[in-house]
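First comes the structure, then the notes that go with it.
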Amino acid sequence: MRPSPARSLIDKCLESRNPEELEDLKNKDYSKVSDPSMLRFLVDLRGEEVDNTQMRDDLITLLIAGHETTAAVLTWMTYALSQDAQALKTVQAEIDEVVGDRYATFEDIENMPELQKVLAETLRMWPAPPLFIRCALEEDVWPEGGTGIEGGCKLARANDLFISTYNLGR
């Protein structure tokens with residue numbers, strides 16, 4: 001039985017990983033890597049403990065999340081434009097001017113500043129994802145800020161932090 005295309009890609013990345021590069025992962029410039037794919041990054045990030053099944057699950061999660069977040073942004077952008085007739089006309093005219101009757105390319109986005117503004121505002125108002133969860137790598141003390149905790153808030157190593165990008169944009 002032939003391995004699936006996803007399994008073949010994962011095997012290729014697993015075989016080509018370089019353990020010495022793991023030390024430099026945080027500073028790694030993926031623009032200079034021969035295979036600068038997201039899969040390559042996931043393999044490097046997981047290090048020695050990764051296997052094909054885990055990578056397949058991570059890759060499927062990444063693909064589903066990528067589709068879902070893109071769909072959410074486009075849905076919210078459509079909603080926002082439906083609420084502002086002038087902005088809709090401006091973006092439509094810009095797309096017609098830059099793209100015309102052909103399919104748009106990624107490079108076309110660089111030539112559409114009004115569309116870029118609408119996308120940026122959509123991501124500010126309805127970020128995708130609206131919440132990040134991060135784990136503290138070391139113990140720290142956050143400044144008092146609005147917490148009312150004199151001397152700041154102690155953060156233990158391995159505490160989970162919930163960062164609401166939805167609230168940050170408002």
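Convention: chains lettered A, B, ... in structure tokens order; per-chain residue numbering from 1; ligands numbered from 1 as shown.
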
Margin query: When you look at Ala87 in chain A with a cut-off of 12 Å (counting only C-alpha atoms), what residues show up, excluding the ones that are within fewer than 3 positions of it in the same chain? I need them as JSON, numbers by chain.
Written below: {"A": [77, 78, 79, 80, 81, 82, 83, 84, 90, 91, 92, 93, 94, 114, 115, 117, 118, 119, 121]}

Could you save the residues just selected, with all heavy atoms, as a CSV table (one decimal), in the first residue's frame?
chain,number,residue,atom,x,y,z
A,77,MET,N,-15.6,40.6,7.1
A,77,MET,CA,-15.3,41.7,6.2
A,77,MET,C,-16.5,41.9,5.3
A,77,MET,O,-16.9,43.1,5.1
A,77,MET,CB,-14.1,41.3,5.3
A,77,MET,CG,-13.7,42.5,4.4
A,77,MET,SD,-12.2,42.2,3.5
A,77,MET,CE,-12.8,41.1,2.2
A,78,THR,N,-17.2,40.9,4.9
A,78,THR,CA,-18.4,41.0,4.1
A,78,THR,C,-19.5,41.8,4.9
A,78,THR,O,-20.1,42.7,4.4
A,78,THR,CB,-18.9,39.7,3.6
A,78,THR,OG1,-17.9,39.0,2.8
A,78,THR,CG2,-20.2,39.8,2.8
A,79,TYR,N,-19.6,41.4,6.1
A,79,TYR,CA,-20.5,42.1,7.0
A,79,TYR,C,-20.2,43.5,7.2
A,79,TYR,O,-21.1,44.4,7.0
A,79,TYR,CB,-20.6,41.4,8.4
A,79,TYR,CG,-21.3,42.2,9.4
A,79,TYR,CD1,-22.7,42.2,9.4
A,79,TYR,CD2,-20.7,42.9,10.4
A,79,TYR,CE1,-23.4,42.9,10.3
A,79,TYR,CE2,-21.4,43.7,11.3
A,79,TYR,CZ,-22.8,43.7,11.3
A,79,TYR,OH,-23.5,44.4,12.2
A,80,ALA,N,-18.9,43.8,7.4
A,80,ALA,CA,-18.5,45.2,7.6
A,80,ALA,C,-18.8,46.0,6.4
A,80,ALA,O,-19.3,47.2,6.5
A,80,ALA,CB,-17.0,45.3,8.0
A,81,LEU,N,-18.5,45.5,5.2
A,81,LEU,CA,-18.7,46.2,4.0
A,81,LEU,C,-20.2,46.4,3.7
A,81,LEU,O,-20.6,47.4,3.1
A,81,LEU,CB,-18.0,45.5,2.8
A,81,LEU,CG,-16.5,45.7,2.8
A,81,LEU,CD1,-15.9,44.8,1.7
A,81,LEU,CD2,-16.1,47.1,2.6
A,82,SER,N,-21.0,45.5,4.1
A,82,SER,CA,-22.4,45.6,3.9
A,82,SER,C,-23.0,46.7,4.8
A,82,SER,O,-24.1,47.2,4.5
A,82,SER,CB,-23.2,44.3,4.3
A,82,SER,OG,-23.3,44.1,5.7
A,83,GLN,N,-22.3,47.1,5.8
A,83,GLN,CA,-22.8,48.2,6.7
A,83,GLN,C,-22.3,49.6,6.3
A,83,GLN,O,-22.7,50.6,6.8
A,83,GLN,CB,-22.2,47.9,8.1
A,83,GLN,CG,-22.7,46.6,8.7
A,83,GLN,CD,-24.2,46.5,8.8
A,83,GLN,OE1,-24.9,47.2,9.4
A,83,GLN,NE2,-24.7,45.4,8.1
A,84,ASP,N,-21.4,49.7,5.2
A,84,ASP,CA,-20.9,50.9,4.8
A,84,ASP,C,-20.8,50.9,3.3
A,84,ASP,O,-19.9,50.5,2.6
A,84,ASP,CB,-19.5,51.1,5.4
A,84,ASP,CG,-18.9,52.5,5.1
A,84,ASP,OD1,-19.3,53.2,4.1
A,84,ASP,OD2,-18.0,52.9,5.9
A,90,THR,N,-15.8,51.8,-2.8
A,90,THR,CA,-14.4,52.1,-2.9
A,90,THR,C,-13.6,50.8,-3.2
A,90,THR,O,-12.7,50.7,-4.0
A,90,THR,CB,-13.9,52.8,-1.7
A,90,THR,OG1,-14.6,54.0,-1.5
A,90,THR,CG2,-12.4,53.1,-1.8
A,91,VAL,N,-13.9,49.8,-2.4
A,91,VAL,CA,-13.1,48.5,-2.5
A,91,VAL,C,-13.5,47.8,-3.8
A,91,VAL,O,-12.6,47.3,-4.5
A,91,VAL,CB,-13.4,47.6,-1.3
A,91,VAL,CG1,-12.9,46.2,-1.5
A,91,VAL,CG2,-12.8,48.2,0.0
A,92,GLN,N,-14.7,47.8,-4.2
A,92,GLN,CA,-15.1,47.2,-5.5
A,92,GLN,C,-14.4,47.9,-6.6
A,92,GLN,O,-13.9,47.2,-7.5
A,92,GLN,CB,-16.6,47.3,-5.7
A,92,GLN,CG,-17.4,46.3,-4.9
A,92,GLN,CD,-18.9,46.5,-5.0
A,92,GLN,OE1,-19.4,47.7,-5.2
A,92,GLN,NE2,-19.7,45.4,-5.0
A,93,ALA,N,-14.3,49.2,-6.6
A,93,ALA,CA,-13.7,50.0,-7.7
A,93,ALA,C,-12.2,49.6,-7.7
A,93,ALA,O,-11.6,49.4,-8.8
A,93,ALA,CB,-13.9,51.5,-7.5
A,94,GLU,N,-11.6,49.5,-6.6
A,94,GLU,CA,-10.1,49.2,-6.5
A,94,GLU,C,-9.9,47.8,-7.0
A,94,GLU,O,-8.9,47.6,-7.8
A,94,GLU,CB,-9.7,49.3,-5.0
A,94,GLU,CG,-8.2,49.1,-4.9
A,94,GLU,CD,-7.7,49.3,-3.4
A,94,GLU,OE1,-8.1,48.5,-2.5
A,94,GLU,OE2,-7.0,50.3,-3.2
A,114,GLU,N,-6.9,50.2,-0.2
A,114,GLU,CA,-8.2,50.2,0.4
A,114,GLU,C,-8.6,48.9,1.0
A,114,GLU,O,-9.2,48.8,2.1
A,114,GLU,CB,-9.2,50.8,-0.5
A,114,GLU,CG,-8.9,52.3,-0.9
A,114,GLU,CD,-8.9,53.2,0.3
A,114,GLU,OE1,-9.7,53.1,1.2
A,114,GLU,OE2,-7.9,54.0,0.4
A,115,LEU,N,-8.4,47.8,0.2
A,115,LEU,CA,-8.7,46.5,0.6
A,115,LEU,C,-7.9,46.1,1.8
A,115,LEU,O,-8.4,45.5,2.8
A,115,LEU,CB,-8.5,45.5,-0.5
A,115,LEU,CG,-8.8,44.0,-0.2
A,115,LEU,CD1,-10.3,43.9,0.2
A,115,LEU,CD2,-8.5,43.1,-1.4
A,117,LYS,N,-6.8,48.1,4.1
A,117,LYS,CA,-7.3,48.8,5.3
A,117,LYS,C,-8.5,48.1,5.8
A,117,LYS,O,-8.7,48.0,7.0
A,117,LYS,CB,-7.7,50.3,4.9
A,117,LYS,CG,-6.5,51.1,4.6
A,117,LYS,CD,-7.0,52.5,4.1
A,117,LYS,CE,-5.8,53.3,3.5
A,117,LYS,NZ,-6.3,54.6,2.9
A,118,VAL,N,-9.4,47.7,4.9
A,118,VAL,CA,-10.6,47.0,5.3
A,118,VAL,C,-10.3,45.6,6.0
A,118,VAL,O,-10.8,45.3,7.0
A,118,VAL,CB,-11.6,46.7,4.1
A,118,VAL,CG1,-12.7,45.8,4.5
A,118,VAL,CG2,-12.1,48.1,3.6
A,119,LEU,N,-9.3,44.9,5.4
A,119,LEU,CA,-8.9,43.6,6.1
A,119,LEU,C,-8.3,43.9,7.5
A,119,LEU,O,-8.6,43.2,8.4
A,119,LEU,CB,-7.8,42.9,5.2
A,119,LEU,CG,-8.4,42.1,4.0
A,119,LEU,CD1,-7.2,41.7,3.1
A,119,LEU,CD2,-9.1,40.9,4.5
A,121,GLU,N,-8.9,46.5,9.5
A,121,GLU,CA,-9.9,46.9,10.4
A,121,GLU,C,-10.8,45.7,10.8
A,121,GLU,O,-11.2,45.5,11.9
A,121,GLU,CB,-10.8,48.0,9.8
A,121,GLU,CG,-11.9,48.5,10.7
A,121,GLU,CD,-11.4,49.2,11.9
A,121,GLU,OE1,-10.2,49.3,12.2
A,121,GLU,OE2,-12.3,49.5,12.7

Next item on the list: Using backbone DSSP assignments, extract all alpha helix (DSSP H) residues from range 7-165 of chain A; output them as a ChimeraX atom specification.
Entry: /A:7-16,38-46,52-82,85-98,106-109,113-125,165

Next item on the list: Go through A:Asn159, A:Val141, A:Ala128, A:Arg170 and flag the residue nearest His67 in chain A, using only C-alpha atoms for the distances.
Entry: A:Ala128

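The nearest approach to Thr69 in chain A among the residues A:Lys89, A:Leu39, A:Asn111, A:Trp126, with only C-alpha atoms taken into account, belongs to A:Trp126.
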
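Across the model, the gap from CA of Arg157 in chain A to CA of Leu59 in chain A is 28.2 Å.
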
Margin query: For Ile133 in chain A, find every residue with an atom within 9 Å (counting only C-alpha atoms), except residues of its own chain fewer than 5 positions away, and show them as a ChimeraX atom specification.
Written below: /A:160-164

Item checked: Distance query range 8-10 of chain A at most 8 Å, only C-alpha atoms, self and fewer than 5 positions along chain excluded, as a count of residues only -> 5

Checklist line | Picked from range 44-149 of chain A by DSSP as strand (DSSP E or B), as a list in words | finding: Leu131, Phe132, Ile133, Arg134, Cys135, Asp140, Val141 and Trp142 of chain A

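The shortest atom-to-atom distance to Arg124 in chain A, with only C-alpha atoms taken into account, belongs to A:Val73 out of A:Ser4, A:Val73, A:Gly152, A:Val98.
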
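Take the candidates A:Asp58, A:Pro130, A:Glu68, A:Ala120 and check each one against Leu168 in chain A using only C-alpha atoms; the shortest distance goes to A:Pro130.
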
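Candidate residues A:Ile95, A:Cys13, A:Met125, A:Leu62 were compared for distance to Met112 in chain A, and the nearest is A:Ile95, using only C-alpha atoms.
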
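When only C-alpha atoms are used to compute distances to Asp57 in chain A, the closest of the residues A:Leu42, A:Glu15, A:Ala104, A:Leu137 turns out to be A:Leu42.
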